[in-house]
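Colleague: I'd like to ask some things about the structure below.
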Amino acid sequence: MSTNDKNIDERLFKILRDTFQTNEINPEDSMDQIPEWDSLRHIQLIIAIEDEFNISIDFADTLEMTSIPEIKKKIQRYLC
């Protein structure tokens, strides 16, 4: 894992913990595994990610961001 990946992970996991108000987050989790991850929290999550990483996420991408690995992949793509 590169330093950049580690930085993304740390920032993303802080957002996830704050948004879902839990420390029980596994790096492979998806919407199905986090009970707090509903449609409203998904919007809050996307907004927090956009603010933290200073990116603007396309609507189509927000629909695909239903797991932590997918979210990380999208963030990396936007930052490149």
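By convention in this document, the chains of the structure tokens carry letters A, B, ... by their order, each chain's residues are numbered from 1, and ligands are numbered from 1 in the order they are shown.
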If we count only C-alpha atoms and set the cut-off at 6 Å, which residues sit around range 53-66 of chain A, ignoring sequence neighbours fewer than 5 positions away in its own chain? Please answer as JSON, numbers by chain.
Modeller: {"A": [30, 31, 71]}
Colleague: Put those residues in a file: N, CA and C atoms, as a PDB file, in the first residue's frame.
Modeller:
ATOM      1  N   SER A  30     -20.094  -3.226   2.686  1.00  0.00           N
ATOM      2  CA  SER A  30     -20.952  -2.588   1.686  1.00  0.00           C
ATOM      3  C   SER A  30     -22.207  -2.096   2.397  1.00  0.00           C
ATOM      4  N   MET A  31     -23.103  -1.488   1.639  1.00  0.00           N
ATOM      5  CA  MET A  31     -24.353  -0.981   2.209  1.00  0.00           C
ATOM      6  C   MET A  31     -25.108  -2.062   2.977  1.00  0.00           C
ATOM      7  N   ILE A  71     -15.965   2.757  -3.278  1.00  0.00           N
ATOM      8  CA  ILE A  71     -15.794   4.175  -2.930  1.00  0.00           C
ATOM      9  C   ILE A  71     -14.323   4.558  -3.058  1.00  0.00           C
TER      10      ILE A  71
END
Colleague: Could you check the closest approach to Ile75 in chain A for each of A:Glu10, A:Glu28, A:Glu50, A:Asp18 and tell me which residue wins, using only C-alpha atoms?
Modeller: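 Among the listed residues, A:Glu50 lies closest to Ile75 in chain A.
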Colleague: Which one of A:Asp29, A:Phe13, A:Leu40, A:Gln21 sits closest to Pro69 in chain A if you count only C-alpha atoms?
Modeller: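 Nearest candidate to Pro69 in chain A out of A:Asp29, A:Phe13, A:Leu40, A:Gln21: A:Asp29.
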Colleague: Smallest atom-to-atom distance to Asp51 in chain A: which of A:Lys6, A:Arg11, A:Asn23, A:Arg17, using only C-alpha atoms?
Modeller: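 Using only C-alpha atoms, the shortest distance to Asp51 in chain A belongs to A:Arg11.
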Colleague: Restricting the calculation to only C-alpha atoms: of A:Ile25, A:Leu79, A:Asn7, A:Thr19, which residue gets closest to Ile47 in chain A?
Modeller: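 Comparing A:Ile25, A:Leu79, A:Asn7, A:Thr19 against Ile47 in chain A, the winner is A:Thr19.
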